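Data block for query21.txt (compact mmCIF, C-alpha atoms):
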# COMPACT_ATOMS: atom_id res chain seq x y z
CA MET A 27 103.87 126.13 84.18
CA ARG A 28 107.62 125.81 84.28
CA ASN A 29 109.40 124.69 87.43
CA ARG A 30 112.98 124.51 88.65
CA VAL A 31 112.88 121.08 90.27
CA ARG A 32 115.32 119.43 87.87
CA GLU A 33 117.66 122.41 87.94
CA GLN A 34 117.73 122.53 91.74
CA ARG A 35 118.05 118.77 92.05
CA THR A 36 121.01 118.51 89.68
CA GLN A 37 122.67 121.51 91.34
CA ARG A 38 122.57 119.60 94.63
CA GLY A 39 123.66 116.35 93.02
CA LEU A 40 120.57 114.47 94.13
CA SER A 41 118.82 111.64 92.34
CA GLN A 42 115.12 111.58 91.54
CA ALA A 43 114.71 108.66 93.96
CA GLU A 44 116.28 110.66 96.80
CA ILE A 45 114.00 113.63 96.16
CA ALA A 46 111.01 111.31 95.94
CA ALA A 47 111.86 109.71 99.29
CA ALA A 48 112.36 113.09 100.93
CA LEU A 49 109.07 114.44 99.59
CA GLY A 50 107.09 111.27 100.26
CA VAL A 51 106.08 110.70 96.65
CA SER A 52 107.02 108.17 94.00
CA ARG A 53 109.98 108.53 91.66
CA GLN A 54 107.53 108.57 88.76
CA THR A 55 105.82 111.62 90.23
CA VAL A 56 109.13 113.47 90.53
CA ILE A 57 109.82 112.65 86.87
CA SER A 58 106.36 113.91 85.87
CA ILE A 59 106.81 117.14 87.81
CA GLU A 60 110.27 117.72 86.34
CA ASN A 61 108.94 117.17 82.84
CA GLY A 62 105.99 119.47 83.50
CA ARG A 63 103.44 116.75 82.91
CA TYR A 64 101.99 117.04 86.41
CA LEU A 65 101.22 120.12 88.46
CA PRO A 66 101.68 119.26 92.14
CA SER A 67 99.05 120.11 94.73
CA LEU A 68 99.63 123.17 96.88
CA PRO A 69 100.86 121.14 99.90
CA LEU A 70 103.32 119.23 97.70
CA ALA A 71 104.45 122.43 96.00
CA PHE A 72 105.23 123.87 99.44
CA ARG A 73 107.12 120.72 100.43
CA ILE A 74 109.18 120.92 97.24
CA ALA A 75 109.95 124.60 97.78
CA ARG A 76 110.89 124.07 101.42
CA PHE A 77 113.09 121.12 100.51
CA PHE A 78 115.11 123.34 98.20
CA ASP A 79 115.00 126.33 100.57
CA LEU A 80 113.10 128.40 98.04
CA THR A 81 109.69 130.02 97.97
CA VAL A 82 106.90 128.49 95.89
CA ASP A 83 106.91 131.39 93.44
CA LYS A 84 110.65 130.95 92.94
CA MET A 85 110.21 127.24 92.37
CA PHE A 86 107.21 127.45 90.05
CA ASP A 87 106.78 130.05 87.36
CA PRO A 88 103.08 130.63 86.63
CA ASP A 89 103.79 132.98 83.73
CA ASP A 90 105.14 130.18 81.59
CA GLU A 91 102.08 128.31 80.25
CA GLU A 92 104.18 125.52 78.79
CA THR A 93 102.37 122.60 80.42
CA GLY A 94 99.36 121.55 82.42
CA THR A 95 98.24 118.60 84.51
CA MET B 13 94.45 93.35 107.91
CA ARG B 14 96.67 96.18 109.18
CA SER B 15 99.46 93.76 110.15
CA ILE B 16 99.69 92.35 106.63
CA PRO B 17 102.14 94.23 104.35
CA PRO B 18 100.27 96.27 101.70
CA ARG B 19 101.75 94.24 98.87
CA LEU B 20 100.40 91.03 100.39
CA ARG B 21 96.90 92.23 101.30
CA ALA B 22 95.20 91.78 97.94
CA PRO B 23 96.91 88.43 97.16
CA ALA B 24 95.98 87.17 100.65
CA TYR B 25 92.39 88.30 100.08
CA MET B 26 92.41 86.59 96.68
CA ALA B 27 93.79 83.40 98.21
CA VAL B 28 91.14 83.34 100.95
CA CYS B 29 88.36 83.99 98.40
CA GLY B 30 89.91 81.34 96.16
CA VAL B 31 89.89 78.75 98.93
CA VAL B 32 86.22 79.53 99.65
CA LEU B 33 85.40 79.33 95.94
CA CYS B 34 87.29 76.04 95.57
CA THR B 35 85.53 74.61 98.62
CA VAL B 36 82.12 75.50 97.18
CA ALA B 37 83.11 74.20 93.73
CA VAL B 38 84.42 70.92 95.17
CA SER B 39 81.28 70.42 97.23
CA VAL B 40 79.09 70.98 94.15
CA ASP B 41 81.16 69.55 91.26
CA GLY B 42 83.62 67.27 93.03
CA TRP B 43 87.41 67.38 93.00
CA SER B 44 87.63 67.96 89.24
CA ALA B 45 86.59 71.59 89.83
CA ALA B 46 89.61 72.17 92.06
CA LEU B 47 91.95 71.03 89.29
CA TYR B 48 91.42 74.22 87.29
CA LEU B 49 90.19 76.60 89.98
CA GLY B 50 93.09 75.98 92.39
CA PRO B 51 95.91 76.73 89.93
CA ALA B 52 93.97 79.71 88.53
CA VAL B 53 93.68 81.26 92.00
CA LEU B 54 97.36 80.57 92.74
CA VAL B 55 98.51 82.10 89.45
CA ALA B 56 96.26 85.16 89.95
CA ALA B 57 97.49 85.76 93.52
CA ALA B 58 101.15 85.23 92.59
CA GLY B 59 100.83 87.44 89.50
CA TYR B 60 99.20 90.19 91.54
CA TYR B 61 101.96 89.95 94.16
CA LEU B 62 104.73 90.10 91.55
CA TRP B 63 103.09 92.97 89.64
CA ALA B 64 102.58 94.97 92.84
CA GLY B 65 106.32 94.71 93.56
CA ARG B 66 107.32 96.61 90.45
CA ASP B 67 108.47 100.22 90.45
CA SER B 68 105.55 101.69 88.55
CA ASP B 69 102.36 103.72 88.96
CA MET B 70 100.19 100.64 88.55
CA ALA B 71 102.15 98.73 91.20
CA ALA B 72 101.76 101.62 93.67
CA MET B 73 98.02 101.67 92.97
CA LEU B 74 97.81 97.91 93.49
CA ARG B 75 99.64 98.22 96.81
CA ARG B 76 97.39 101.14 97.77
CA GLN B 77 100.51 103.19 98.40
CA ASP B 78 99.80 105.72 95.71
CA ASP B 79 100.88 109.33 96.06
CA GLU B 80 98.71 112.28 95.02
CA ARG B 81 99.44 112.00 91.28
CA GLN B 82 98.84 108.27 91.27
CA ALA B 83 95.72 108.68 93.40
CA TYR B 84 94.44 111.28 90.93
CA ARG B 85 95.14 108.86 88.08
CA ARG B 86 93.41 106.03 89.95
CA LEU B 87 90.35 108.22 90.55
CA ARG B 88 90.18 109.09 86.86
CA ILE B 89 90.46 105.43 85.93
CA GLN B 90 87.73 104.52 88.42
CA ALA B 91 85.53 107.32 87.07
CA LEU B 92 86.01 106.01 83.53
CA VAL B 93 85.15 102.47 84.64
CA GLY B 94 82.05 103.80 86.39
CA ARG B 95 80.95 105.75 83.33
CA VAL B 96 81.49 102.78 81.03
CA MET B 97 79.64 100.42 83.36
CA GLY B 98 76.79 102.90 83.77
CA GLY B 99 76.52 103.35 80.02
CA ALA B 100 76.69 99.62 79.40
CA THR B 101 73.95 99.00 81.99
CA SER B 102 71.72 101.61 80.33
CA VAL B 103 72.25 100.04 76.91
CA ALA B 104 71.66 96.55 78.33
CA TYR B 105 68.44 97.81 79.95
CA LEU B 106 67.21 99.17 76.63
CA VAL B 107 68.17 95.97 74.80
CA ALA B 108 66.40 93.86 77.43
CA PHE B 109 63.35 96.15 77.21
CA ALA B 110 63.27 95.85 73.41
CA ALA B 111 63.72 92.09 73.58
CA LYS B 112 61.07 91.84 76.30
CA ALA B 113 63.62 90.06 78.46
CA THR B 114 64.01 90.22 82.23
CA LEU B 115 64.51 93.85 83.23
CA TRP B 116 64.95 93.84 86.99
CA PRO B 117 68.71 93.07 87.13
CA PHE B 118 69.46 96.06 84.90
CA ALA B 119 66.98 98.25 86.75
CA LEU B 120 68.66 97.23 89.99
CA PHE B 121 72.10 98.28 88.70
CA LEU B 122 70.71 101.60 87.43
CA ALA B 123 69.09 102.21 90.82
CA LEU B 124 72.41 101.36 92.50
CA GLN B 125 74.13 103.86 90.23
CA ALA B 126 71.66 106.58 91.22
CA ALA B 127 72.03 105.67 94.90
CA ALA B 128 75.83 105.79 94.62
CA LEU B 129 75.61 109.21 92.97
CA LEU B 130 73.48 110.54 95.83
CA ALA B 131 75.69 108.89 98.46
CA GLY B 132 78.80 110.37 96.83
CA TRP B 133 77.18 113.79 96.73
CA VAL B 134 76.47 113.60 100.47
CA ILE B 135 79.71 111.91 101.59
CA TYR B 136 82.10 114.05 99.57
CA ARG B 137 80.39 117.41 100.00
CA GLU B 138 82.57 120.24 101.20
CA ARG B 139 82.24 120.91 104.89
CA ASP B 140 83.27 124.01 106.79
CA GLY B 141 86.66 123.51 108.37
CA ALA B 142 87.22 120.16 106.71
CA ALA B 143 90.89 119.58 106.05
CA GLY B 144 92.41 117.16 103.61
CA ASN B 145 93.25 116.66 100.01
CA SER B 146 90.50 117.38 97.53
CA LEU B 147 91.63 114.55 95.28
CA THR B 148 92.22 111.72 97.65
CA GLY B 149 90.99 112.71 101.07
CA LYS B 150 94.12 111.04 102.40
CA SER B 151 95.84 112.81 105.24
CA ARG B 152 99.18 111.31 104.22
CA VAL B 153 99.06 113.21 100.95
CA ALA B 154 99.30 116.48 102.83
CA ARG B 155 102.33 115.46 104.89
Exercise: express the given structure as structure tokens:
Amino acid sequence: MRNRVREQRTQRGLSQAEIAAALGVSRQTVISIENGRYLPSLPLAFRIARFFDLTVDKMFDPDDEETGT
Amino acid sequence: MRSIPPRLRAPAYMAVCGVVLCTVAVSVDGWSAALYLGPAVLVAAAGYYLWAGRDSDMAAMLRRQDDERQAYRRLRIQALVGRVMGGATSVAYLVAFAAKATLWPFALFLALQAAALLAGWVIYRERDGAAGNSLTGKSRVAR
């Protein structure tokens, strides 16, 4: 599943540490999500989408089966 | 324990246990026991404290401040440890049985394993209306 976390983060000029602090997760988890190594839980996916003012389906693309947890 | 910072909890616990252990060792073996036990406890507690201060998954797990991914990883690690220990106990039971050695300690651990399985089944069953994270059960995960 591909996501747009890195794209949205860099567009806003934010660091991974800043996103991590805002979402209440570790920097390592943000890195894992950006690299597609970890699929966030539904509550975290909603927090990510809300943080970037997007919907979950805009943030995460289920059609791209590139990675898994 | 709530007033102690998370990073200090385990080292403080280790230090307290170490003092108790040293006291028992000194009372049984004399002061010579404290010469190696004391430094070992200090090094272990200090090492734990320093390791828990790092910016890593393991450090977050040690501090018990893990997020959902780290909690999931910790659970998988704990499951692996449990499986290995359960398997090792079964093998040890068979070896003890074949060697006609004392069986009850291994039987006790196997019974504990079965009891833990049943307890886990009951404690972590899905309940109607129960909220929380399926991986960790921690409310803070679903902030």
Exercise for the section: State, in Å with one decimal place, the distance from CA of Val82 in chain A to CA of Ser58 in chain A. Expected result: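 According to the coordinates, CA of Val82 in chain A and CA of Ser58 in chain A are separated by 17.7 Å.
For Arg73 in chain A, the residues within 12 Å (counting only C-alpha atoms, excluding itself and residues fewer than 6 positions away along the chain) are Val31, Ile45, Ala46, Ala48, Leu49, Gly50, Val51, Pro66, Ser67, Asp79, Leu80, Thr81, Val82 and Met85 of chain A; Val153, Ala154 and Arg155 of chain B.
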Given only C-alpha atoms, how would the per-residue table for range 45-79 of chain A near range 62-76 of chain B read, listing every residue at most 12 Å away with its closest atom pair and distance in Å to one decimal, sorted by chain and number, as CSV?
residue,atom,partner,partner_atom,distance
A:Val51,CA,B:Ala72,CA,10.5
A:Ser52,CA,B:Asp69,CA,8.2
A:Arg53,CA,B:Asp67,CA,8.5
A:Gln54,CA,B:Asp69,CA,7.1
A:Thr55,CA,B:Asp69,CA,8.7
A:Val56,CA,B:Asp69,CA,12.0
A:Ile57,CA,B:Asp69,CA,11.8
A:Ser58,CA,B:Asp69,CA,11.4
Handout entry: Near-Val53 in chain B list (8 Å; all atoms listed in the file; drop same-chain fewer than 4 positions) as a list of chain:residue names
Key = B:Met26, B:Ala27, B:Gly30, B:Leu49, B:Ala57
Problem - For Pro69 in chain A, the nearest of the candidates B:Val38, B:Glu80, B:Lys112, B:Ala91, counting all atoms listed in the file - result: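 Nearest to Pro69 in chain A: B:Glu80.
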Problem - Ref. answer, residues at most 6 Å from (96.1, 93.5, 94.8) with all atoms listed in the file, as a list in words - result: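 Within 6 Å of (96.1, 93.5, 94.8), the protein and nucleic acid residues are Ala22, Pro23, Tyr60 and Leu74 of chain B.
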Practice task
Give me the residues within 12 Å of Cys34 in chain B as a list in words, counting all atoms listed in the file and dropping any in the same chain fewer than 4 places off.
Solution key: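 In the requested form, the answer reads Met26, Ala27, Val28, Cys29, Gly30, Val38, Ser39, Val40, Asp41, Gly42, Trp43, Ser44, Ala45, Ala46, Leu47, Tyr48, Leu49, Gly50, Pro51, Ala52, Val53 and Leu54 of chain B.
Between CA of Arg63 in chain A and CA of Met27 in chain A lies a distance of 9.5 Å.
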Practice task
Write out as a list of chain:residue names the residues lying within 12 Å of Glu33 in chain A, counting all atoms listed in the file and excluding same-chain residues fewer than 3 positions away.
Solution key: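 Once the adjacent positions are removed, what remains is A:Arg28, A:Asn29, A:Arg30, A:Thr36, A:Gln37, A:Arg38, A:Gly39, A:Leu40, A:Ser41, A:Gln42, A:Glu60, A:Asn61, A:Phe78, A:Met85, A:Phe86.
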Problem - d(CA of Leu106 in chain B, CA of Gly94 in chain B) in Å - result: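 Going from CA of Leu106 in chain B over to CA of Gly94 in chain B covers 18.4 Å.
Distance check against Gly59 in chain B using all atoms listed in the file: of B:Arg19, B:Val96, B:Thr35, B:Arg85, the minimum falls on B:Arg19.
Minimum distance to chain A across B:Trp116, B:Phe121, B:Tyr136, B:Tyr84 (counting all atoms listed in the file) occurs at B:Tyr84.
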Practice task
Return the single residue from A:Tyr64, A:Pro88, A:Asp83, A:Ala75 that is closest to chain B, with distances computed using all atoms listed in the file.
Solution key: A:Tyr64
